[in-house]
$ cat query_18.txt   # compact mmCIF, C-alpha atoms
# COMPACT_ATOMS: atom_id res chain seq x y z
CA VAL K 1 11.97 -3.98 18.99
CA ALA K 2 12.86 -7.15 17.07
CA TYR K 3 14.29 -5.06 14.23
CA GLN K 4 16.45 -2.99 16.56
CA ILE K 5 17.72 -6.07 18.40
CA SER K 6 18.54 -7.83 15.12
CA THR K 7 20.57 -4.86 13.87
CA SER K 8 22.40 -4.28 17.15
CA PRO K 9 26.17 -4.73 17.13
CA HIS K 10 25.74 -6.12 20.65
CA LEU K 11 23.76 -9.14 19.48
CA PRO K 12 25.97 -12.19 20.04
CA PRO K 13 27.15 -14.07 16.91
CA ASN K 14 24.81 -16.78 15.59
CA SER K 15 21.85 -15.29 17.48
CA SER K 16 18.40 -14.95 16.02
CA VAL K 17 15.28 -13.03 16.93
CA THR K 18 11.93 -14.83 16.87
CA ILE K 19 8.57 -13.11 16.67
CA LEU K 20 5.50 -15.11 17.70
CA GLU K 21 2.29 -14.10 15.93
CA ALA K 22 -1.18 -15.64 15.81
CA LYS K 23 -1.86 -14.90 12.10
CA HIS K 24 0.80 -12.63 10.62
CA PRO K 25 2.71 -9.55 11.78
CA ALA K 26 0.54 -6.44 12.16
CA SER K 27 -2.61 -8.45 11.43
CA ALA K 28 -4.73 -6.99 14.23
CA ALA K 29 -5.75 -3.45 15.15
CA SER K 30 -2.16 -2.19 15.46
CA GLY K 31 -1.52 -2.99 11.80
CA LYS K 32 -4.64 -1.21 10.65
CA GLY K 33 -4.52 1.80 12.96
CA GLY K 34 -3.69 5.34 12.02
CA GLY K 35 -0.02 5.06 12.93
CA PHE K 36 0.09 8.46 14.60
CA MET K 37 3.15 9.28 16.66
CA ALA K 38 4.45 12.26 18.55
CA ARG K 39 7.67 13.25 20.21
CA THR K 40 6.03 14.83 23.26
CA TRP K 41 2.92 12.73 23.96
CA GLY K 42 4.84 10.76 26.58
CA ASP K 43 6.30 13.78 28.36
CA GLY K 44 6.17 13.50 32.12
CA SER K 45 5.79 9.72 31.99
CA PRO K 46 8.36 7.00 32.66
CA THR K 47 8.55 6.42 28.88
CA GLU K 48 9.31 10.04 27.93
CA THR K 49 12.84 9.26 26.73
CA LEU K 50 11.59 6.29 24.68
CA HIS K 51 8.90 8.44 23.01
CA ARG K 52 11.40 11.08 22.00
CA LEU K 53 14.07 8.62 20.86
CA SER K 54 11.68 6.53 18.77
CA PHE K 55 10.03 9.58 17.19
CA ASP K 56 13.42 10.93 16.14
CA MET K 57 14.37 7.53 14.68
CA TYR K 58 11.37 7.21 12.34
CA PRO K 59 12.29 9.60 9.48
CA THR K 60 15.65 7.96 8.80
CA LEU K 61 14.42 4.41 9.32
CA ALA K 62 11.36 4.95 7.11
CA GLN K 63 13.58 6.31 4.34
CA THR K 64 16.13 3.49 4.73
CA LEU K 65 13.38 0.87 4.51
CA GLY K 66 11.62 2.57 1.60
CA CYS K 67 8.38 3.30 3.44
CA THR K 68 6.27 5.64 1.33
CA SER K 69 3.55 6.36 3.91
CA TYR K 70 5.69 8.24 6.46
CA ARG K 71 4.81 11.92 6.72
CA THR K 72 4.85 14.72 9.26
CA LEU K 73 1.52 16.44 9.78
CA PRO K 74 -0.41 18.57 12.25
CA VAL K 75 -2.77 16.72 14.60
CA LEU K 76 -5.87 18.35 16.07
CA SER K 77 -8.10 17.26 18.92
CA VAL K 78 -11.72 17.98 18.02
CA SER K 79 -14.42 17.77 20.70
CA PRO K 80 -18.05 17.24 19.73
CA GLY K 81 -20.40 20.15 20.16
CA THR K 82 -23.85 21.42 19.31
CA SER K 83 -22.90 24.34 17.10
CA GLY K 84 -20.26 25.37 14.59
CA LYS K 85 -18.67 27.78 17.07
CA GLY K 86 -15.60 25.56 17.54
CA VAL K 87 -14.75 25.64 13.83
CA THR K 88 -15.41 29.37 13.55
CA LYS K 89 -13.22 30.14 16.57
CA ALA K 90 -10.43 27.78 15.47
CA LYS K 91 -10.25 29.24 11.95
CA LYS K 92 -9.61 32.67 13.50
CA ASP K 93 -6.86 31.32 15.78
CA GLY K 94 -3.36 32.21 14.57
CA VAL K 95 -1.95 28.76 15.45
CA ILE K 96 -4.84 26.43 14.62
CA GLY K 97 -6.31 28.34 11.66
CA PRO K 98 -3.46 27.65 9.22
CA VAL K 99 -3.62 23.88 9.84
CA MET K 100 -7.42 23.49 9.87
CA PRO K 101 -8.54 21.08 7.14
CA ASN K 102 -11.25 22.44 4.82
CA TRP K 103 -13.44 19.39 5.38
CA LEU K 104 -13.73 20.06 9.12
CA ASP K 105 -17.04 21.81 9.61
CA GLY K 106 -20.31 21.31 11.42
CA ASN K 107 -21.08 20.91 15.08
CA THR K 108 -17.85 20.95 17.05
CA GLY K 109 -16.78 22.05 20.46
CA MET K 110 -13.22 22.93 21.37
CA ILE K 111 -10.50 22.34 18.77
CA ARG K 112 -6.93 22.33 20.00
CA PRO K 113 -3.58 21.33 18.50
CA MET K 114 -1.96 18.11 19.69
CA GLY K 115 1.04 18.75 17.45
CA LEU K 116 1.77 21.05 14.54
CA GLY K 117 3.84 18.71 12.37
CA ASP K 118 7.24 19.47 13.83
CA ASP K 119 6.62 16.89 16.57
CA THR K 120 3.81 14.75 15.11
CA ALA K 121 3.87 12.26 12.23
CA GLN K 122 2.11 9.26 10.73
CA ILE K 123 3.12 6.00 9.07
CA THR K 124 1.03 3.05 7.91
CA PRO K 125 1.84 0.44 10.57
CA ILE K 126 1.51 -2.65 8.37
CA GLU K 127 3.81 -1.15 5.72
CA PHE K 128 6.42 -0.32 8.36
CA VAL K 129 6.32 -3.79 9.93
CA GLU K 130 6.47 -5.57 6.56
CA LYS K 131 9.40 -3.42 5.38
CA MET K 132 11.36 -4.11 8.58
CA LEU K 133 10.82 -7.86 8.24
CA GLU K 134 11.67 -7.76 4.54
CA ASP K 135 14.89 -5.90 5.30
CA ARG K 136 15.99 -8.42 7.92
CA SER K 137 15.07 -11.46 5.81
CA SER K 138 16.95 -10.13 2.79
CA SER K 139 20.01 -8.90 4.68
CA GLY K 140 23.23 -10.61 3.78
CA ASP K 141 24.00 -11.21 7.43
CA SER K 142 22.81 -14.77 8.02
CA GLU K 143 23.70 -14.51 11.69
CA GLN K 144 21.20 -11.75 12.46
CA LYS K 145 17.89 -12.84 10.97
CA VAL K 146 14.40 -12.24 12.28
CA GLU K 147 12.14 -15.27 12.13
CA VAL K 148 8.34 -15.10 12.36
CA VAL K 149 6.56 -18.10 13.85
CA LEU K 150 2.81 -18.27 13.29
CA GLY K 151 0.44 -20.25 15.45
$ encode --input "query_18.txt" --output "structure tokens"
Amino acid sequence: VAYQISTSPHLPPNSSVTILEAKHPASAASGKGGGFMARTWGDGSPTETLHRLSFDMYPTLAQTLGCTSYRTLPVLSVSPGTSGKGVTKAKKDGVIGPVMPNWLDGNTGMIRPMGLGDDTAQITPIEFVEKMLEDRSSSGDSEQKVEVVLG
């Protein structure tokens, strides 16, 4: 949000954006998480439009910032089970089979797609946060900086 505000043409002149962090940006679980995102996971919720808008923004922003970890990929939901029937059944499925990773084997229950790569993606959160802050601190526009305050 701080990045978007700082790049907004609607930000008044001589304004700044301050981020308050305990240690450093993306230092906790959100900076170490898987960074999975999906266009449709918020469908039917009050944040549906935000989910779709932000998902569609990522490819261009990741490229602009030079993020190397951004990628689209299929995402599967795998339930635990007591036999290998879930894997066997999924490999025969015309939708799931082609995106099943070879390493997925063993005792599984139901396997279902959560996204097939056209509406699911991943980025390393700490890389994304650091690149956004780097971009705003090195921008030539001294009136629209992002400042991080630790404490």
$ closest_residue --input "query_18.txt" --among "K:Val78, K:Leu73, K:Met57, K:Ala121" --to "Val99 (chain K)" --atoms "only C-alpha atoms"
K:Leu73
$ residues_around --input "query_18.txt" --residues "region 92-95 of chain K" --least-positions-apart "3" --cutoff "10 Å" --atoms "all atoms listed in the file" --output "ChimeraX atom specification"
/K:87-89,98-100,112-113,116
$ write_last_selection --input "query_18.txt" --atoms "C-alpha atoms" --output "mmCIF file, keeping the file's coordinate frame"
data_model
loop_
_atom_site.group_PDB
_atom_site.id
_atom_site.type_symbol
_atom_site.label_atom_id
_atom_site.label_comp_id
_atom_site.auth_asym_id
_atom_site.auth_seq_id
_atom_site.Cartn_x
_atom_site.Cartn_y
_atom_site.Cartn_z
ATOM 1 C CA VAL K 87 -14.750 25.640 13.830
ATOM 2 C CA THR K 88 -15.410 29.370 13.550
ATOM 3 C CA LYS K 89 -13.220 30.140 16.570
ATOM 4 C CA PRO K 98 -3.460 27.650 9.220
ATOM 5 C CA VAL K 99 -3.620 23.880 9.840
ATOM 6 C CA MET K 100 -7.420 23.490 9.870
ATOM 7 C CA ARG K 112 -6.930 22.330 20.000
ATOM 8 C CA PRO K 113 -3.580 21.330 18.500
ATOM 9 C CA LEU K 116 1.770 21.050 14.540
#
$ residues_around --input "query_18.txt" --residues "region 11-26 of chain K" --least-positions-apart "4" --cutoff "12 Å" --atoms "all atoms listed in the file" --output "NGL selection string"
:K and (1-7 or 30-33 or 35 or 124-134 or 136-137 or 141-151)
$ atom_distance --input "query_18.txt" --atom1 "CA of Ala90 (chain K)" --atom2 "CA of Gly115 (chain K)"
14.7 Å
$ closest_residue --input "query_18.txt" --among "K:Thr64, K:Ser77, K:Thr108, K:Thr82" --to "Ile96 (chain K)" --atoms "only C-alpha atoms"
K:Ser77
$ residues_around --input "query_18.txt" --residues "Arg39 (chain K)" --least-positions-apart "2" --cutoff "10 Å" --atoms "only C-alpha atoms" --output "list in words"
Met37, Trp41, Gly42, Asp43, Glu48, Thr49, Leu50, His51, Arg52, Leu53, Ser54, Phe55, Asp56, Gly115, Asp118, Asp119, Thr120 and Ala121 of chain K
$ atom_distance --input "query_18.txt" --atom1 "CA of Leu65 (chain K)" --atom2 "CA of Asp135 (chain K)"
7.0 Å
$ atom_distance --input "query_18.txt" --atom1 "CA of Leu104 (chain K)" --atom2 "CA of Gly34 (chain K)"
18.1 Å
$ closest_residue --input "query_18.txt" --among "K:Tyr58, K:His10, K:Ser27, K:Gly44" --to "Arg71 (chain K)" --atoms "all atoms listed in the file"
K:Tyr58
$ closest_residue --input "query_18.txt" --among "K:Asn107, K:Asn102, K:Gln122, K:Ser79" --to "Ala62 (chain K)" --atoms "all atoms listed in the file"
K:Gln122
$ axis_aligned_box --input "query_18.txt" --around "region 124-131 of chain K" --padding-each-side "6 Å" --output "lines of an AutoDock Vina configuration file"
center_x = 5.2
center_y = -1.3
center_z = 8.0
size_x = 20.4
size_y = 20.6
size_z = 17.2
$ closest_residue --input "query_18.txt" --among "K:Pro74, K:Gly86, K:Gly66, K:Pro80" --to "Pro101 (chain K)" --atoms "all atoms listed in the file"
K:Pro74
$ closest_residue --input "query_18.txt" --among "K:Ala38, K:Cys67, K:Met110, K:Leu61" --to "Gly84 (chain K)" --atoms "all atoms listed in the file"
K:Met110
